[in-house]
>>> print(open('upload02.csv').read())   # CSV, C-alpha atoms
chain,number,residue,atom,x,y,z
A,1,MET,CA,10.7,40.6,54.3
A,2,PRO,CA,13.8,39.6,56.1
A,3,ASP,CA,16.9,38.6,54.1
A,4,LYS,CA,16.4,34.8,54.8
A,5,ILE,CA,13.5,32.5,54.8
A,6,THR,CA,12.7,31.0,58.2
A,7,LEU,CA,10.5,28.2,59.4
A,8,ALA,CA,8.0,30.8,60.6
A,9,HIS,CA,7.3,31.7,56.9
A,10,GLY,CA,5.6,28.4,56.6
A,11,ALA,CA,3.7,28.4,59.8
A,12,GLY,CA,0.5,30.1,58.5
A,13,GLY,CA,0.9,33.2,60.7
A,14,ILE,CA,2.1,36.7,60.2
A,15,GLN,CA,5.3,35.7,58.4
A,16,THR,CA,3.3,33.5,56.0
A,17,GLU,CA,1.0,36.5,55.3
A,18,GLU,CA,4.1,38.7,54.6
A,19,LEU,CA,5.6,36.1,52.2
A,20,ILE,CA,2.3,35.9,50.2
A,21,ARG,CA,1.8,39.7,50.3
A,22,ASP,CA,5.3,40.8,49.5
A,23,VAL,CA,6.5,38.0,47.1
A,24,PHE,CA,3.8,35.9,45.6
A,25,ALA,CA,0.7,38.2,45.3
A,26,PRO,CA,2.4,41.1,43.5
A,27,ALA,CA,3.7,38.6,40.8
A,28,PHE,CA,0.6,36.4,40.4
A,29,TYR,CA,-2.5,38.3,41.3
A,30,ALA,CA,-4.3,41.5,40.3
A,31,ARG,CA,-4.4,44.3,42.9
A,32,GLY,CA,-7.3,43.8,45.2
A,33,GLU,CA,-8.1,40.2,44.0
A,34,ALA,CA,-9.3,38.0,46.7
A,35,LEU,CA,-7.0,35.1,47.7
A,36,HIS,CA,-8.7,31.8,48.5
A,37,ASP,CA,-7.6,28.3,49.1
A,38,SER,CA,-9.0,27.2,45.7
A,39,ALA,CA,-9.4,29.0,42.4
A,40,CYS,CA,-12.8,29.1,40.7
A,41,LEU,CA,-12.1,29.3,37.0
A,42,PRO,CA,-14.2,30.1,34.0
A,43,GLY,CA,-14.4,27.7,31.1
A,44,ALA,CA,-16.4,24.8,29.7
A,45,GLY,CA,-15.8,21.7,27.8
A,46,ARG,CA,-13.1,19.1,28.2
A,47,LEU,CA,-10.0,19.9,30.2
A,48,ALA,CA,-6.4,18.7,30.1
A,49,PHE,CA,-4.7,18.5,33.5
A,50,THR,CA,-1.1,17.9,34.4
A,51,SER,CA,1.3,18.1,37.4
A,52,ASP,CA,5.0,18.2,37.7
A,53,SER,CA,7.8,18.9,40.3
A,54,PHE,CA,11.1,20.7,39.9
A,55,VAL,CA,14.2,20.1,42.0
A,56,VAL,CA,17.0,21.2,39.6
A,57,GLU,CA,20.3,22.4,40.9
A,58,PRO,CA,21.7,25.0,40.4
A,59,LEU,CA,18.6,27.1,40.9
A,60,ARG,CA,19.9,29.6,38.3
A,61,PHE,CA,21.6,28.7,35.0
A,62,PRO,CA,22.3,30.4,31.7
A,63,GLY,CA,19.0,30.8,29.9
A,64,GLY,CA,16.7,30.4,32.9
A,65,ASP,CA,16.1,29.3,36.5
A,66,ILE,CA,14.0,26.8,38.3
A,67,GLY,CA,10.9,29.2,38.1
A,68,LYS,CA,11.1,29.6,34.4
A,69,LEU,CA,11.6,25.8,34.1
A,70,ALA,CA,8.5,25.1,36.2
A,71,VAL,CA,6.2,27.2,34.0
A,72,CYS,CA,7.7,26.0,30.7
A,73,GLY,CA,7.6,22.3,31.6
A,74,THR,CA,4.0,22.5,32.7
A,75,VAL,CA,2.8,24.5,29.8
A,76,ASN,CA,4.5,22.3,27.3
A,77,ASP,CA,3.0,19.2,28.8
A,78,LEU,CA,-0.4,20.6,28.2
A,79,LEU,CA,0.5,21.6,24.6
A,80,CYS,CA,1.6,18.1,23.9
A,81,ALA,CA,-2.0,16.9,24.7
A,82,GLY,CA,-3.3,19.4,22.1
A,83,ALA,CA,-4.7,21.7,24.8
A,84,ALA,CA,-4.5,25.4,25.1
A,85,PRO,CA,-2.9,26.1,28.5
A,86,ARG,CA,-4.7,28.5,30.8
A,87,TYR,CA,-4.1,28.1,34.5
A,88,LEU,CA,-1.3,26.9,36.7
A,89,SER,CA,-0.8,26.2,40.4
A,90,ALA,CA,2.6,26.7,42.0
A,91,SER,CA,3.5,25.2,45.3
A,92,PHE,CA,6.9,26.0,47.0
A,93,ILE,CA,8.9,23.9,49.4
A,94,LEU,CA,11.5,26.2,50.9
A,95,GLY,CA,14.4,25.1,52.9
A,96,GLU,CA,15.2,27.3,55.9
A,97,GLY,CA,18.1,29.6,55.1
A,98,LEU,CA,17.1,30.3,51.5
A,99,ASP,CA,18.0,33.8,50.4
A,100,ALA,CA,14.7,35.8,50.1
A,101,ALA,CA,16.1,37.8,47.3
A,102,LEU,CA,16.7,34.7,45.3
A,103,LEU,CA,13.1,33.5,46.0
A,104,SER,CA,11.8,36.8,44.7
A,105,GLU,CA,13.9,36.5,41.6
A,106,VAL,CA,12.5,33.1,40.9
A,107,VAL,CA,9.0,34.2,41.5
A,108,ALA,CA,9.4,37.2,39.1
A,109,SER,CA,10.8,34.8,36.5
A,110,MET,CA,7.8,32.6,36.8
A,111,ALA,CA,5.5,35.6,36.4
A,112,ARG,CA,7.3,36.7,33.2
A,113,THR,CA,7.3,33.3,31.7
A,114,ALA,CA,3.6,32.8,32.6
A,115,ALA,CA,2.7,36.1,30.9
A,116,GLU,CA,4.7,35.1,27.8
A,117,ALA,CA,2.9,31.7,27.7
A,118,GLY,CA,-0.5,33.3,28.1
A,119,VAL,CA,-1.3,31.5,31.4
A,120,ARG,CA,-2.2,32.6,34.9
A,121,ILE,CA,-0.8,31.2,38.2
A,122,VAL,CA,-3.9,31.2,40.2
A,123,THR,CA,-3.4,29.0,43.3
A,124,GLY,CA,-0.7,27.3,45.3
A,125,ASP,CA,0.9,26.5,48.6
A,126,THR,CA,4.0,27.2,50.6
A,127,LYS,CA,5.9,25.0,53.1
A,128,VAL,CA,9.1,25.9,54.9
A,129,VAL,CA,11.2,22.9,56.1
A,130,GLN,CA,14.5,22.5,58.0
A,131,CYS,CA,17.4,22.1,55.7
A,132,ALA,CA,20.9,20.7,56.1
A,133,SER,CA,22.4,23.3,53.9
A,134,PRO,CA,22.9,26.8,55.4
A,135,ASP,CA,21.9,28.3,52.1
A,136,GLY,CA,18.5,26.6,52.2
A,137,SER,CA,16.8,24.9,49.2
A,138,LEU,CA,13.9,25.5,46.8
A,139,TYR,CA,11.6,23.0,45.2
A,140,ILE,CA,8.5,23.8,43.1
A,141,ASN,CA,5.5,21.7,42.4
A,142,THR,CA,3.1,22.8,39.6
A,143,ALA,CA,-0.2,21.7,38.2
A,144,GLY,CA,-1.7,22.9,34.9
A,145,VAL,CA,-5.1,23.1,33.3
A,146,GLY,CA,-5.8,23.6,29.6
A,147,PHE,CA,-8.8,23.5,27.4
A,148,LEU,CA,-9.1,20.9,24.6
A,149,PRO,CA,-10.4,22.0,21.2
A,150,PRO,CA,-13.6,20.4,19.8
A,151,GLU,CA,-11.6,17.9,17.7
A,152,GLY,CA,-10.1,16.5,20.9
A,153,GLU,CA,-6.6,15.7,22.1
A,154,CYS,CA,-3.5,15.2,20.0
A,155,ARG,CA,-2.5,11.5,20.2
A,156,PHE,CA,0.3,9.5,18.7
A,157,GLU,CA,-2.2,6.6,18.6
A,158,ASP,CA,-3.6,8.4,15.5
A,159,ALA,CA,-0.2,8.4,13.7
A,160,ARG,CA,0.2,6.4,10.5
A,161,GLU,CA,2.9,4.5,8.6
A,162,GLY,CA,4.9,7.0,6.5
A,163,ASP,CA,4.2,10.0,8.7
A,164,ALA,CA,7.2,12.4,9.2
A,165,LEU,CA,8.8,13.1,12.5
A,166,LEU,CA,10.3,16.6,13.1
A,167,VAL,CA,12.0,18.3,16.0
A,168,THR,CA,11.5,22.0,16.7
A,169,GLY,CA,15.2,22.8,17.2
A,170,THR,CA,18.7,21.6,18.2
A,171,ILE,CA,18.5,19.0,20.9
A,172,GLY,CA,20.2,18.7,24.3
A,173,GLU,CA,21.0,22.3,25.2
A,174,HIS,CA,19.2,22.2,28.6
A,175,GLN,CA,20.9,19.1,29.9
A,176,ALA,CA,24.3,20.2,28.5
A,177,CYS,CA,23.9,23.5,30.3
A,178,ILE,CA,23.0,22.0,33.7
A,179,LEU,CA,25.7,19.4,33.4
A,180,SER,CA,28.3,22.0,32.5
A,181,ARG,CA,27.4,24.1,35.6
A,182,ARG,CA,27.4,21.1,37.9
A,183,LEU,CA,30.9,20.1,36.6
A,184,ASP,CA,32.2,23.7,36.5
A,185,ILE,CA,32.8,23.4,32.8
A,186,VAL,CA,33.1,26.9,31.2
A,187,ASN,CA,31.3,27.2,27.8
A,188,ASP,CA,28.6,29.2,26.0
A,189,ILE,CA,25.8,26.6,26.2
A,190,VAL,CA,22.5,28.1,27.2
A,191,SER,CA,19.4,26.2,28.3
A,192,ASP,CA,16.7,25.8,25.6
A,193,ALA,CA,13.9,26.2,28.2
A,194,ALA,CA,10.9,28.0,26.6
A,195,PRO,CA,7.1,27.9,26.4
A,196,LEU,CA,6.1,26.6,23.0
A,197,GLY,CA,2.5,27.7,22.7
A,198,GLY,CA,3.1,30.1,19.9
A,199,LEU,CA,4.8,27.4,17.8
A,200,VAL,CA,1.9,25.0,18.2
A,201,SER,CA,-0.6,27.7,17.5
A,202,ALA,CA,1.2,28.7,14.3
A,203,LEU,CA,0.9,25.2,13.0
A,204,LEU,CA,-2.8,25.0,13.8
A,205,THR,CA,-3.5,28.4,12.3
A,206,ALA,CA,-1.9,27.3,9.1
A,207,GLY,CA,-4.1,24.2,8.9
A,208,VAL,CA,-1.4,21.7,9.9
A,209,ARG,CA,-2.7,19.6,12.7
A,210,PRO,CA,-0.1,17.3,14.3
A,211,ARG,CA,-0.9,13.6,14.7
A,212,GLY,CA,1.2,13.5,17.8
A,213,VAL,CA,3.4,15.9,19.9
A,214,ARG,CA,5.9,15.0,22.7
A,215,ASP,CA,8.3,17.2,24.5
A,216,ILE,CA,11.9,16.0,24.6
A,217,THR,CA,12.7,16.1,28.3
A,218,ARG,CA,14.4,13.5,30.5
A,219,GLY,CA,15.9,10.6,28.5
A,220,GLY,CA,16.3,12.8,25.4
A,221,LEU,CA,15.2,12.1,21.8
A,222,ALA,CA,16.2,8.4,22.0
A,223,THR,CA,13.8,7.7,24.9
A,224,VAL,CA,11.0,9.7,23.4
A,225,ALA,CA,11.4,7.8,20.2
A,226,HIS,CA,10.7,4.5,22.1
A,227,GLU,CA,7.7,6.0,23.8
A,228,VAL,CA,6.3,7.1,20.5
A,229,ALA,CA,6.9,3.7,18.9
A,230,GLN,CA,4.9,2.1,21.7
A,231,LEU,CA,2.1,4.6,21.5
A,232,CYS,CA,1.6,4.3,17.7
A,233,ALA,CA,2.5,0.6,17.3
A,234,LEU,CA,5.0,1.5,14.6
A,235,ARG,CA,8.7,1.7,14.1
A,236,VAL,CA,10.4,5.0,14.7
A,237,VAL,CA,13.4,5.5,12.3
A,238,LEU,CA,15.6,8.5,13.0
A,239,ASP,CA,18.2,9.8,10.6
A,240,ASP,CA,21.5,10.7,12.3
A,241,GLY,CA,22.5,13.0,9.5
A,242,LEU,CA,19.3,15.1,10.0
A,243,ILE,CA,19.2,15.5,13.8
A,244,PRO,CA,20.2,19.0,14.7
A,245,VAL,CA,22.8,19.2,17.4
A,246,SER,CA,24.8,22.4,18.1
A,247,PRO,CA,28.6,22.2,17.8
A,248,GLN,CA,28.9,23.1,21.5
A,249,VAL,CA,26.7,20.3,22.7
A,250,ARG,CA,28.3,17.8,20.3
A,251,SER,CA,31.8,18.8,21.6
A,252,LEU,CA,30.7,18.5,25.2
A,253,CYS,CA,29.3,15.0,24.5
A,254,ALA,CA,32.5,14.0,22.8
A,255,VAL,CA,34.7,15.1,25.7
A,256,LEU,CA,32.5,13.3,28.3
A,257,GLY,CA,31.8,10.2,26.2
A,258,MET,CA,28.1,10.8,26.1
A,259,ASP,CA,25.4,10.6,23.4
A,260,PRO,CA,23.4,13.8,22.6
A,261,LEU,CA,20.4,11.5,21.7
A,262,TYR,CA,20.0,11.0,25.5
A,263,PHE,CA,20.4,14.7,26.4
A,264,GLY,CA,17.1,16.2,27.6
A,265,CYS,CA,15.6,19.5,26.6
A,266,GLU,CA,13.0,21.9,28.1
A,267,GLY,CA,12.0,23.8,25.0
A,268,ARG,CA,12.0,21.2,22.2
A,269,MET,CA,9.2,19.0,20.8
A,270,LEU,CA,9.0,15.9,18.6
A,271,ILE,CA,6.1,16.4,16.3
A,272,CYS,CA,4.4,13.9,13.9
A,273,VAL,CA,2.7,15.2,10.8
A,274,PRO,CA,1.6,13.6,7.5
A,275,GLN,CA,4.5,13.4,5.1
A,276,SER,CA,2.8,15.8,2.7
A,277,ASP,CA,2.8,18.5,5.4
A,278,ALA,CA,6.3,18.0,6.6
A,279,ALA,CA,8.2,20.6,4.6
A,280,ARG,CA,5.5,23.2,5.3
A,281,ALA,CA,5.5,22.4,9.0
A,282,VAL,CA,9.2,22.9,9.2
A,283,GLN,CA,8.9,26.2,7.4
A,284,ILE,CA,6.2,27.4,9.7
A,285,ILE,CA,8.1,26.4,12.9
A,286,ARG,CA,11.3,28.0,11.7
A,287,GLY,CA,9.4,31.3,11.4
A,288,CYS,CA,8.4,31.1,15.1
A,289,GLU,CA,10.4,32.2,18.2
A,290,TYR,CA,12.1,29.1,19.6
A,291,GLY,CA,11.7,27.2,16.3
A,292,GLY,CA,14.7,28.4,14.2
A,293,GLY,CA,16.4,25.0,14.2
A,294,ALA,CA,13.4,22.9,13.2
A,295,ALA,CA,14.1,19.9,11.0
A,296,VAL,CA,12.6,16.6,9.8
A,297,VAL,CA,14.6,13.9,11.6
A,298,GLY,CA,12.8,10.6,10.7
A,299,GLU,CA,9.6,8.8,9.9
A,300,LEU,CA,7.3,6.1,11.0
A,301,GLN,CA,7.6,2.6,9.4
A,302,ALA,CA,5.9,-0.7,9.8
A,303,GLY,CA,7.4,-2.6,12.7
A,304,HIS,CA,8.2,-1.8,16.3
A,305,GLY,CA,10.9,-0.2,18.4
A,306,ALA,CA,13.3,2.6,17.4
A,307,ALA,CA,16.3,2.7,15.1
A,308,LEU,CA,18.9,5.2,13.9
A,309,ARG,CA,20.0,5.4,10.3
A,310,THR,CA,23.7,6.2,10.6
A,311,ARG,CA,25.7,8.7,8.6
A,312,TYR,CA,27.3,5.7,6.9
A,313,GLY,CA,24.1,4.1,5.7
A,314,GLY,CA,23.7,1.4,8.3
A,315,MET,CA,21.0,1.0,10.9
A,316,ARG,CA,21.4,0.5,14.7
A,317,ALA,CA,18.9,0.0,17.4
A,318,VAL,CA,18.1,3.0,19.6
A,319,MET,CA,17.4,2.0,23.2
A,320,PRO,CA,15.7,4.1,25.9
A,321,LEU,CA,17.9,5.6,28.6
A,322,PRO,CA,18.8,3.1,31.3
A,323,GLY,CA,18.4,4.5,34.8
A,324,ASP,CA,18.2,8.3,35.4
A,325,ALA,CA,19.6,11.2,33.6
A,326,VAL,CA,22.8,12.7,35.0
A,327,PRO,CA,22.4,15.2,36.4
A,328,ARG,CA,18.7,15.8,37.2
A,329,ILE,CA,17.7,18.4,34.7
A,330,CYS,CA,14.3,19.6,36.1
>>> encode(input="upload02.csv", output="structure tokens")
Amino acid sequence: MPDKITLAHGAGGIQTEELIRDVFAPAFYARGEALHDSACLPGAGRLAFTSDSFVVEPLRFPGGDIGKLAVCGTVNDLLCAGAAPRYLSASFILGEGLDAALLSEVVASMARTAAEAGVRIVTGDTKVVQCASPDGSLYINTAGVGFLPPEGECRFEDAREGDALLVTGTIGEHQACILSRRLDIVNDIVSDAAPLGGLVSALLTAGVRPRGVRDITRGGLATVAHEVAQLCALRVVLDDGLIPVSPQVRSLCAVLGMDPLYFGCEGRMLICVPQSDAARAVQIIRGCEYGGGAAVVGELQAGHGAALRTRYGGMRAVMPLPGDAVPRIC
């Protein structure tokens, strides 16, 4: 491989073969495994299927990179449907001039994260395009397949009045990390990006089946609360005093005049469980990797929309994020 990616690497000829042979195949395929345009996969029953694209800048950040983010985001989407993730595709759009060593680093990161999540990257595509930046660019598109259990998908439509809402950890670290790097703010904030299959599996193994799961990504907890309220036709009431926010994220938000409720994550979930299971669910999640900051943060009540119970005992409406998150976090 040369030091830089060129348009020839996307032309389908010798350079494309070299890119697949030297970068992608060693990370994603067993030695000697045939490489076809489509993957024929074992399995039966109902499937969950998702797709996502990742355009985050910078490509590397504390706690991860665009490759880790792509795997985590896709896997966690499948988990939120109640599926067991199994297979991913990964398609790369490479801007001419991209450092080949950086691409190899991102691909290796994807392979490690996929192995941790228990999934295989089995197919994909690569295109190389002209790029205005002399350093090139890197975008990743993924698709994911998971198998649903016999009892079917996990849906907030099955939630009930009185159910508890919990988060699996402190919110906002990923967006705070990306925002800090984009603004050249020096701090110790690390992205929360993580695959959360072990956490969901631990709940199910213990006999706690969530009535709904949502990953807290763009728009943050506030926007997810509105989505959940619409899905279950109930009112989401969050308690400001219970929502876990790290001191570093809270300080960053205070300096910038921003609200951590609207800061996105890439390794946190909002989970709905019966009130009788709430304390046990928190205990189980706290015993898992990536779940140490789990907490009950609210409940479902009769009504509609989302509200926040303030630290002073009052209530205020919680609105979804207007426009787009700044900066783009995935």
>>> residues_near_point(input="upload02.csv", point="(23.9, 21.4, 32.1)", cutoff="9 Å", atoms="only C-alpha atoms", output="PyMOL selection string")
chain A and resi 61+173-183+189-191+327+329
>>> residues_near_point(input="upload02.csv", point="(24.9, 16.3, 18.9)", cutoff="9 Å", atoms="all atoms listed in the file", output="PyMOL selection string")
chain A and resi 170-172+243-254+259-261+263
>>> atom_distance(input="upload02.csv", atom1="CA of Ser51 (chain A)", atom2="CA of Tyr87 (chain A)")
11.7 Å
>>> closest_residue(input="upload02.csv", among="A:Leu138, A:Ile271, A:Cys265, A:Leu300", to="Ala233 (chain A)", atoms="all atoms listed in the file")
A:Leu300
>>> atom_distance(input="upload02.csv", atom1="CA of Cys80 (chain A)", atom2="CA of Gly220 (chain A)")
15.7 Å
>>> atom_distance(input="upload02.csv", atom1="CA of Pro85 (chain A)", atom2="CA of Gly152 (chain A)")
14.2 Å
>>> closest_residue(input="upload02.csv", among="A:His304, A:Arg209, A:Arg286, A:Arg218", to="Leu234 (chain A)", atoms="all atoms listed in the file")
A:His304
>>> decode(input="upload02.csv", residues="region 216-235 of chain A", atoms="N, CA and C atoms", output="CSV table (one decimal), in the first residue's frame")
chain,number,residue,atom,x,y,z
A,216,ILE,N,-29.4,6.9,23.3
A,216,ILE,CA,-29.5,8.4,23.5
A,216,ILE,C,-28.4,9.0,22.6
A,217,THR,N,-28.8,9.2,21.4
A,217,THR,CA,-27.8,9.8,20.4
A,217,THR,C,-28.1,11.2,20.1
A,218,ARG,N,-28.2,11.6,18.8
A,218,ARG,CA,-28.4,13.0,18.4
A,218,ARG,C,-29.7,13.5,19.1
A,219,GLY,N,-29.6,14.7,19.6
A,219,GLY,CA,-30.7,15.3,20.3
A,219,GLY,C,-30.7,15.1,21.8
A,220,GLY,N,-29.9,14.1,22.2
A,220,GLY,CA,-29.8,13.9,23.7
A,220,GLY,C,-31.0,13.3,24.3
A,221,LEU,N,-31.0,13.3,25.7
A,221,LEU,CA,-32.0,12.7,26.5
A,221,LEU,C,-33.4,13.4,26.3
A,222,ALA,N,-33.3,14.7,26.1
A,222,ALA,CA,-34.6,15.5,26.0
A,222,ALA,C,-35.3,15.0,24.7
A,223,THR,N,-34.6,14.9,23.6
A,223,THR,CA,-35.3,14.5,22.3
A,223,THR,C,-35.8,13.1,22.4
A,224,VAL,N,-35.0,12.2,23.0
A,224,VAL,CA,-35.4,10.8,23.1
A,224,VAL,C,-36.6,10.7,24.0
A,225,ALA,N,-36.7,11.5,25.1
A,225,ALA,CA,-37.9,11.5,25.9
A,225,ALA,C,-39.1,11.9,25.1
A,226,HIS,N,-39.1,12.8,24.2
A,226,HIS,CA,-40.2,13.1,23.4
A,226,HIS,C,-40.6,12.0,22.4
A,227,GLU,N,-39.6,11.3,21.9
A,227,GLU,CA,-39.8,10.2,21.0
A,227,GLU,C,-40.5,9.1,21.8
A,228,VAL,N,-40.1,8.8,23.0
A,228,VAL,CA,-40.7,7.8,23.8
A,228,VAL,C,-42.1,8.1,24.2
A,229,ALA,N,-42.4,9.4,24.5
A,229,ALA,CA,-43.7,9.8,24.8
A,229,ALA,C,-44.7,9.5,23.7
A,230,GLN,N,-44.2,9.8,22.5
A,230,GLN,CA,-45.1,9.6,21.3
A,230,GLN,C,-45.3,8.1,21.1
A,231,LEU,N,-44.3,7.3,21.3
A,231,LEU,CA,-44.4,5.9,21.0
A,231,LEU,C,-45.4,5.2,22.0
A,232,CYS,N,-45.3,5.6,23.2
A,232,CYS,CA,-46.1,4.9,24.2
A,232,CYS,C,-47.4,5.6,24.6
A,233,ALA,N,-47.6,6.8,24.0
A,233,ALA,CA,-48.8,7.6,24.3
A,233,ALA,C,-49.0,7.9,25.7
A,234,LEU,N,-47.9,8.2,26.4
A,234,LEU,CA,-47.9,8.5,27.8
A,234,LEU,C,-47.0,9.7,28.0
A,235,ARG,N,-47.0,10.3,29.2
A,235,ARG,CA,-46.1,11.4,29.5
A,235,ARG,C,-44.8,11.0,30.2
